[in-house]
Structure formats: C-alpha cells, structure tokens
Amino acid sequence: MKKIIIMVALLAMSTVSAKAISLPAMPDLGNFELTVGVAQNQGVFGATATETNEGFDGTVTSGHIKKESGVFTDGYSSQFIEVGVGKYISIGYEHTPDSVSTPVNTTRESGPAEGNVSVDFNDLNTTYVKLNVPFLTGLYLKGGEVETDLDIKETLLSGRTYKNVSTQGSTYGVGFARTLGETAFAVRFETMYLELDTVNVDNGVASGTTGVHGTVNRNAIEAKNLEGVTAKVALTYTFGKN
C-alpha cells in the first residue's frame, strides 16, 4: 500500500510540473512510438496442489495422496517497454524484478517430522499485444504470453528438496490510459487475468527406491489451476508522440 501511495503522489506532482520539464528532442519516429513505463501491481493468486507419497512398499494408496487448494495476495513492481505501430496497436515486453511469494505451508506442525514449503515466482516476464479501442479514447485491450521460474523452498525431514522448474501461460485484460496534460507522460490503470500451465515436481527420488530403513521416500507434487487477477497503476513516457 505504501508503494501505491508514493506512486499516486508522484503522478500528482507530474501533473503539476510536467510542463516545466525540458527533455531532449527525439528524432521523428514516423508512425512508430516508443513507450517506457514503471508500475506497481497487486494480485490475488490461487492454485490446487496434489502431493503423492509412496508407501513403505513403494505403492500409492488413497492415504498417501493429499490435495489442497489455496489463495494468497502479494504486491510487486514491474517495468515495461512498448513499440506502437500506428494509432491502435502496440507490442510490449514487461519484466518483474520482484518475486511473487506464496505463504509458507507447514505440515505436521510442531512434530518431529514438521515440514515447511513455500514458492517464489521469479522473473515473471510478459510479452504482449496492446490494442487501443477505437472511438473510446484511453480504453485498451491487452493479451499475451507469460513465463516465470518457480523457486521451491522447503525444509523436509528427509533432507530432500524439490527441483526448481519453469512454466508459462497466458494473460489478458483491459486498461485505461490518460495523458497528463499536453505532455508525453501518461497514467494507466489496468486489470489482468493470468493463467499458468500445470507444474509437476518431485523430490528427486526414483519410484520404488528403498532407503536404508527399508522405506520409500519419493514425493511428487502436481500443481494446477495456477491463476490470478492483478491490478496495476503505471506511469509511462512516450517518445515520438504526435
């Protein structure tokens, strides 16, 4: 929330003083525009995960399958760059330097076999197309592809770890942009839906492997319905703006 307040304050200051800002002249880009922006995002995310643990004899029964669903919120910053072609179409790339982090999930809490697992979504990058809606000044549609790296952090009794993986997905939504006076600065408000592909990870133990005590310690997790809804406020500057 503090970051959002700072962003709004900066926008208000830009509205008052933008006319006084003297920027170097840019070459004529013809029908093209180059837009750069910084943004603050807040998202609500959810997923369903199924954990499968092999029994002592290497078999899987219903008692060794656990399924849980959860929802969490997190905020993060991002930066983006766009190339505008004509009045209506832009192609962009957005990078998220912050991690989107889940809460820590604790199993067998306070017991000798307590385990803790959390996930960081790192390098959330989006390649997208933005379409300005004709006759509705400021309104735009946006859609594209997302990719991210999952850093799985765990503390398990077995000492095993889940390997980190990458996944991808799609995103689409709607936004509104408003130019600040007669300047090349603008503010955007945007909401997007995000959906990632199913993720499968395991603790690196082969199926049927027997440990020193005659037990099998293979765990596997399938996470699906990885989705979220985000809200964004952004400040942009456009070079080559007519």
# chains A, B, ... in the order shown; residues from 1 in each chain; ligands from 1
$ select_by_dssp --residues "region 77-184 of chain A" --states "strand (DSSP E)" --output "PyMOL selection string"
chain A and resi 77-85+89-96+100-101+105-107+115-132+139-155+165-179
$ residues_around --residues "region 182-193 of chain A" --least-positions-apart "3" --cutoff "9 Å" --atoms "only C-alpha atoms" --output "number ranges by chain"
A: 11, 14-15, 18-19, 39, 138, 142-143, 170-179, 227-241
$ residues_around --residues "Arg218 (chain A)" --least-positions-apart "3" --cutoff "7 Å" --atoms "only C-alpha atoms" --output "PyMOL selection string"
chain A and resi 53-54+203+205-207
$ closest_residue --among "A:Gln79, A:Ser69, A:Asn164, A:Gln40" --to "Asp202 (chain A)" --atoms "only C-alpha atoms"
A:Asn164
$ closest_residue --among "A:Asn132, A:Asn200, A:Thr167, A:Thr102" --to "Lys153 (chain A)" --atoms "only C-alpha atoms"
A:Thr102
$ closest_residue --among "A:Thr127, A:Thr96, A:Ser166, A:Thr148" --to "Val83 (chain A)" --atoms "only C-alpha atoms"
A:Thr127
$ residues_around --residues "Lys66 (chain A)" --least-positions-apart "3" --cutoff "7 Å" --atoms "only C-alpha atoms" --output "list of chain:residue names"
A:Thr50, A:Glu51, A:Thr52
$ residues_around --residues "Gly75 (chain A)" --least-positions-apart "3" --cutoff "8 Å" --atoms "only C-alpha atoms" --output "PyMOL selection string"
chain A and resi 40-43+100
